[in-house]
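Each remark here refers to the structure printed beneath this line.
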Amino acid sequence: GLTRRTVAAAVRAGALLRITDAVVLLPGSDARAAEVLRGLPQPFTLSEARKALDTTRRVAVPLLEFLDARGLTERVDAQRRRCRTGERDEGGRESAPTL
């Protein structure tokens, strides 16, 4: 029941996280989703992610694309993604991504 103007103001204020024009979540939902997805066997499918996040395909698809764009997940092939573990340190080890 929120208007576009109300949603825009809430996003600017940090009270909402805009994934797409049609999908708006609570702040921190992206980090929480990434944490849940790290608990899945890697790589995972959209269906597995949707079930683990207990959401619909309408929300899961843009959320996964958002996480891809943020570098928290990445596509492995046409059907699977995996969580990125972070950047490599001087010893070649991967560090946890910054959320």
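Naming works like this for the structure tokens: A, B, ... for the chains as they're shown, residue 1 at the start of each chain, ligands 1 onward in shown order.
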
Secondary structure check, alpha helix (DSSP H) residues of range 2-90 of chain A, as a PDB file with C-alpha atoms, in the first residue's frame:
ATOM      1  CA  ARG A   4       6.277   5.270  -5.179  1.00  0.00           C
ATOM      2  CA  ARG A   5       7.119   8.515  -3.398  1.00  0.00           C
ATOM      3  CA  THR A   6       6.878   6.876   0.039  1.00  0.00           C
ATOM      4  CA  VAL A   7       9.040   3.946  -1.055  1.00  0.00           C
ATOM      5  CA  ALA A   8      11.622   6.307  -2.581  1.00  0.00           C
ATOM      6  CA  ALA A   9      11.792   8.312   0.645  1.00  0.00           C
ATOM      7  CA  ALA A  10      12.152   5.136   2.720  1.00  0.00           C
ATOM      8  CA  VAL A  11      14.965   3.905   0.445  1.00  0.00           C
ATOM      9  CA  ARG A  12      16.778   7.253   0.727  1.00  0.00           C
ATOM     10  CA  SER A  29      18.133  -8.588   3.795  1.00  0.00           C
ATOM     11  CA  ASP A  30      20.873  -8.938   1.197  1.00  0.00           C
ATOM     12  CA  ALA A  31      23.477  -9.836   3.831  1.00  0.00           C
ATOM     13  CA  ARG A  32      21.105 -12.250   5.546  1.00  0.00           C
ATOM     14  CA  ALA A  33      20.256 -13.890   2.216  1.00  0.00           C
ATOM     15  CA  ALA A  34      23.961 -14.282   1.396  1.00  0.00           C
ATOM     16  CA  GLU A  35      24.526 -15.920   4.789  1.00  0.00           C
ATOM     17  CA  VAL A  36      21.694 -18.409   4.183  1.00  0.00           C
ATOM     18  CA  LEU A  37      23.025 -19.176   0.705  1.00  0.00           C
ATOM     19  CA  ARG A  38      26.535 -19.819   2.089  1.00  0.00           C
ATOM     20  CA  LEU A  46      17.596 -20.937  -8.193  1.00  0.00           C
ATOM     21  CA  SER A  47      15.112 -23.469  -6.865  1.00  0.00           C
ATOM     22  CA  GLU A  48      17.408 -24.425  -3.972  1.00  0.00           C
ATOM     23  CA  ALA A  49      18.009 -20.757  -3.159  1.00  0.00           C
ATOM     24  CA  ARG A  50      14.287 -19.980  -3.317  1.00  0.00           C
ATOM     25  CA  LYS A  51      13.496 -22.798  -0.895  1.00  0.00           C
ATOM     26  CA  ALA A  52      16.322 -21.908   1.499  1.00  0.00           C
ATOM     27  CA  LEU A  53      15.213 -18.262   1.536  1.00  0.00           C
ATOM     28  CA  ARG A  57      10.612 -16.950  -7.696  1.00  0.00           C
ATOM     29  CA  ARG A  58       9.405 -13.347  -8.243  1.00  0.00           C
ATOM     30  CA  VAL A  59      11.647 -12.234  -5.360  1.00  0.00           C
ATOM     31  CA  ALA A  60      14.441 -14.813  -5.649  1.00  0.00           C
ATOM     32  CA  VAL A  61      15.425 -14.033  -9.254  1.00  0.00           C
ATOM     33  CA  PRO A  62      16.036 -10.297  -8.764  1.00  0.00           C
ATOM     34  CA  LEU A  63      17.571 -10.888  -5.336  1.00  0.00           C
ATOM     35  CA  LEU A  64      20.121 -13.317  -6.776  1.00  0.00           C
ATOM     36  CA  GLU A  65      20.881 -10.875  -9.599  1.00  0.00           C
ATOM     37  CA  PHE A  66      21.352  -8.157  -6.956  1.00  0.00           C
ATOM     38  CA  LEU A  67      23.713 -10.411  -4.977  1.00  0.00           C
ATOM     39  CA  ASP A  68      25.623 -11.200  -8.194  1.00  0.00           C
ATOM     40  CA  ALA A  69      26.026  -7.471  -8.897  1.00  0.00           C
TER      41      ALA A  69
END

Show me, as a PDB file with all heavy atoms, in the first residue's frame, the residues that have an atom within 10 Å of Pro27 in chain A when counting only C-alpha atoms, minus same-chain residues fewer than 5 positions from it.
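See around33.pdb below for the written result:
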ATOM      1  N   VAL A  11      13.679   4.396   0.969  1.00  0.00           N
ATOM      2  CA  VAL A  11      14.965   3.905   0.445  1.00  0.00           C
ATOM      3  C   VAL A  11      16.058   4.933   0.730  1.00  0.00           C
ATOM      4  O   VAL A  11      17.148   4.582   1.204  1.00  0.00           O
ATOM      5  CB  VAL A  11      14.862   3.587  -1.069  1.00  0.00           C
ATOM      6  CG1 VAL A  11      16.238   3.355  -1.674  1.00  0.00           C
ATOM      7  CG2 VAL A  11      13.961   2.374  -1.296  1.00  0.00           C
ATOM      8  N   GLY A  14      17.179   4.839   4.193  1.00  0.00           N
ATOM      9  CA  GLY A  14      17.783   3.589   4.640  1.00  0.00           C
ATOM     10  C   GLY A  14      16.816   2.652   5.334  1.00  0.00           C
ATOM     11  O   GLY A  14      17.226   1.657   5.924  1.00  0.00           O
ATOM     12  N   ALA A  15      15.528   2.967   5.276  1.00  0.00           N
ATOM     13  CA  ALA A  15      14.523   2.123   5.923  1.00  0.00           C
ATOM     14  C   ALA A  15      14.113   0.946   5.053  1.00  0.00           C
ATOM     15  O   ALA A  15      13.521  -0.009   5.542  1.00  0.00           O
ATOM     16  CB  ALA A  15      13.293   2.952   6.281  1.00  0.00           C
ATOM     17  N   LEU A  16      14.405   1.019   3.751  1.00  0.00           N
ATOM     18  CA  LEU A  16      14.125  -0.064   2.809  1.00  0.00           C
ATOM     19  C   LEU A  16      15.303  -0.237   1.867  1.00  0.00           C
ATOM     20  O   LEU A  16      16.063   0.700   1.634  1.00  0.00           O
ATOM     21  CB  LEU A  16      12.862   0.235   1.982  1.00  0.00           C
ATOM     22  CG  LEU A  16      11.526   0.235   2.711  1.00  0.00           C
ATOM     23  CD1 LEU A  16      10.412   0.679   1.765  1.00  0.00           C
ATOM     24  CD2 LEU A  16      11.220  -1.136   3.292  1.00  0.00           C
ATOM     25  N   LEU A  17      15.438  -1.433   1.322  1.00  0.00           N
ATOM     26  CA  LEU A  17      16.475  -1.766   0.350  1.00  0.00           C
ATOM     27  C   LEU A  17      15.781  -2.080  -0.963  1.00  0.00           C
ATOM     28  O   LEU A  17      15.019  -3.037  -1.051  1.00  0.00           O
ATOM     29  CB  LEU A  17      17.281  -2.980   0.830  1.00  0.00           C
ATOM     30  CG  LEU A  17      18.305  -3.559  -0.133  1.00  0.00           C
ATOM     31  CD1 LEU A  17      19.434  -2.560  -0.377  1.00  0.00           C
ATOM     32  CD2 LEU A  17      18.854  -4.861   0.429  1.00  0.00           C
ATOM     33  N   ARG A  18      16.027  -1.269  -1.986  1.00  0.00           N
ATOM     34  CA  ARG A  18      15.393  -1.480  -3.283  1.00  0.00           C
ATOM     35  C   ARG A  18      16.225  -2.474  -4.093  1.00  0.00           C
ATOM     36  O   ARG A  18      17.380  -2.236  -4.395  1.00  0.00           O
ATOM     37  CB  ARG A  18      15.267  -0.183  -4.064  1.00  0.00           C
ATOM     38  CG  ARG A  18      14.539  -0.368  -5.401  1.00  0.00           C
ATOM     39  CD  ARG A  18      14.552   0.879  -6.260  1.00  0.00           C
ATOM     40  NE  ARG A  18      14.148   2.080  -5.560  1.00  0.00           N
ATOM     41  CZ  ARG A  18      12.887   2.509  -5.461  1.00  0.00           C
ATOM     42  NH1 ARG A  18      11.925   1.832  -6.027  1.00  0.00           N
ATOM     43  NH2 ARG A  18      12.626   3.618  -4.809  1.00  0.00           N
ATOM     44  N   ARG A  32      21.709 -11.056   4.953  1.00  0.00           N
ATOM     45  CA  ARG A  32      21.105 -12.250   5.546  1.00  0.00           C
ATOM     46  C   ARG A  32      20.883 -13.326   4.486  1.00  0.00           C
ATOM     47  O   ARG A  32      21.115 -14.509   4.738  1.00  0.00           O
ATOM     48  CB  ARG A  32      19.798 -11.898   6.258  1.00  0.00           C
ATOM     49  CG  ARG A  32      20.037 -11.175   7.574  1.00  0.00           C
ATOM     50  CD  ARG A  32      18.784 -11.026   8.414  1.00  0.00           C
ATOM     51  NE  ARG A  32      17.758 -10.203   7.789  1.00  0.00           N
ATOM     52  CZ  ARG A  32      17.742  -8.864   7.804  1.00  0.00           C
ATOM     53  NH1 ARG A  32      18.720  -8.218   8.407  1.00  0.00           N
ATOM     54  NH2 ARG A  32      16.764  -8.205   7.236  1.00  0.00           N
TER      55      ARG A  32
END

message = Using only C-alpha atoms, can you tell me which of A:Leu72, A:Ala78, A:Ile19, A:Val24 comes closest to Leu2 in chain A?
response = A:Val24

task = May I ask for the distance between CA of Gln79 in chain A and CA of Gly39 in chain A, given in Å to one decimal place?
result =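 Separation between CA of Gln79 in chain A and CA of Gly39 in chain A: 18.4 Å.
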
inquiry  = Could you go through chain A and tell me which residues DSSP, when run on the backbone, assigns to strand (DSSP E or B), listing them as a PyMOL selection string?
reply    = chain A and resi 17-18+24-25+44-45+73-75+80-83+88+94

Using N, CA and C atoms, can you write the selected residues to a file as a compact mmCIF listing (two decimals), in the first residue's frame?
# COMPACT_ATOMS: atom_id res chain seq x y z
N LEU A 17 15.44 -1.43 1.32
CA LEU A 17 16.47 -1.77 0.35
C LEU A 17 15.78 -2.08 -0.96
N ARG A 18 16.03 -1.27 -1.99
CA ARG A 18 15.39 -1.48 -3.28
C ARG A 18 16.23 -2.47 -4.09
N VAL A 24 11.19 -4.64 -2.93
CA VAL A 24 11.80 -3.81 -1.90
C VAL A 24 11.82 -4.63 -0.62
N LEU A 25 12.99 -4.68 0.02
CA LEU A 25 13.16 -5.50 1.23
C LEU A 25 13.65 -4.65 2.39
N PHE A 44 24.59 -23.87 -6.17
CA PHE A 44 23.18 -24.11 -5.91
C PHE A 44 22.36 -23.58 -7.07
N THR A 45 21.14 -24.09 -7.18
CA THR A 45 20.23 -23.65 -8.23
C THR A 45 19.30 -22.57 -7.69
N THR A 73 27.48 -13.34 -4.76
CA THR A 73 27.29 -14.61 -5.46
C THR A 73 27.77 -14.43 -6.89
N GLU A 74 27.94 -15.55 -7.59
CA GLU A 74 28.32 -15.48 -9.00
C GLU A 74 27.76 -16.68 -9.73
N ARG A 75 27.47 -16.49 -10.99
CA ARG A 75 26.96 -17.57 -11.83
C ARG A 75 28.09 -18.52 -12.15
N ARG A 80 23.28 -22.60 -12.33
CA ARG A 80 23.78 -22.64 -10.95
C ARG A 80 24.60 -21.40 -10.61
N ARG A 81 24.58 -21.09 -9.33
CA ARG A 81 25.39 -20.00 -8.75
C ARG A 81 26.17 -20.56 -7.58
N ARG A 82 27.12 -19.79 -7.13
CA ARG A 82 27.83 -20.11 -5.89
C ARG A 82 28.11 -18.81 -5.16
N CYS A 83 28.33 -18.94 -3.88
CA CYS A 83 28.69 -17.79 -3.07
C CYS A 83 30.16 -17.50 -3.28
N ARG A 88 41.41 -12.66 -2.45
CA ARG A 88 42.58 -13.42 -2.00
C ARG A 88 43.56 -12.49 -1.28
N GLU A 94 41.50 -17.01 0.37
CA GLU A 94 40.36 -16.13 0.19
C GLU A 94 39.88 -15.63 1.54

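When only C-alpha atoms are used to measure the gap to Ala13 in chain A, the shortest distance among A:Leu26, A:Pro41, A:Gly1, A:Thr85 belongs to A:Leu26.
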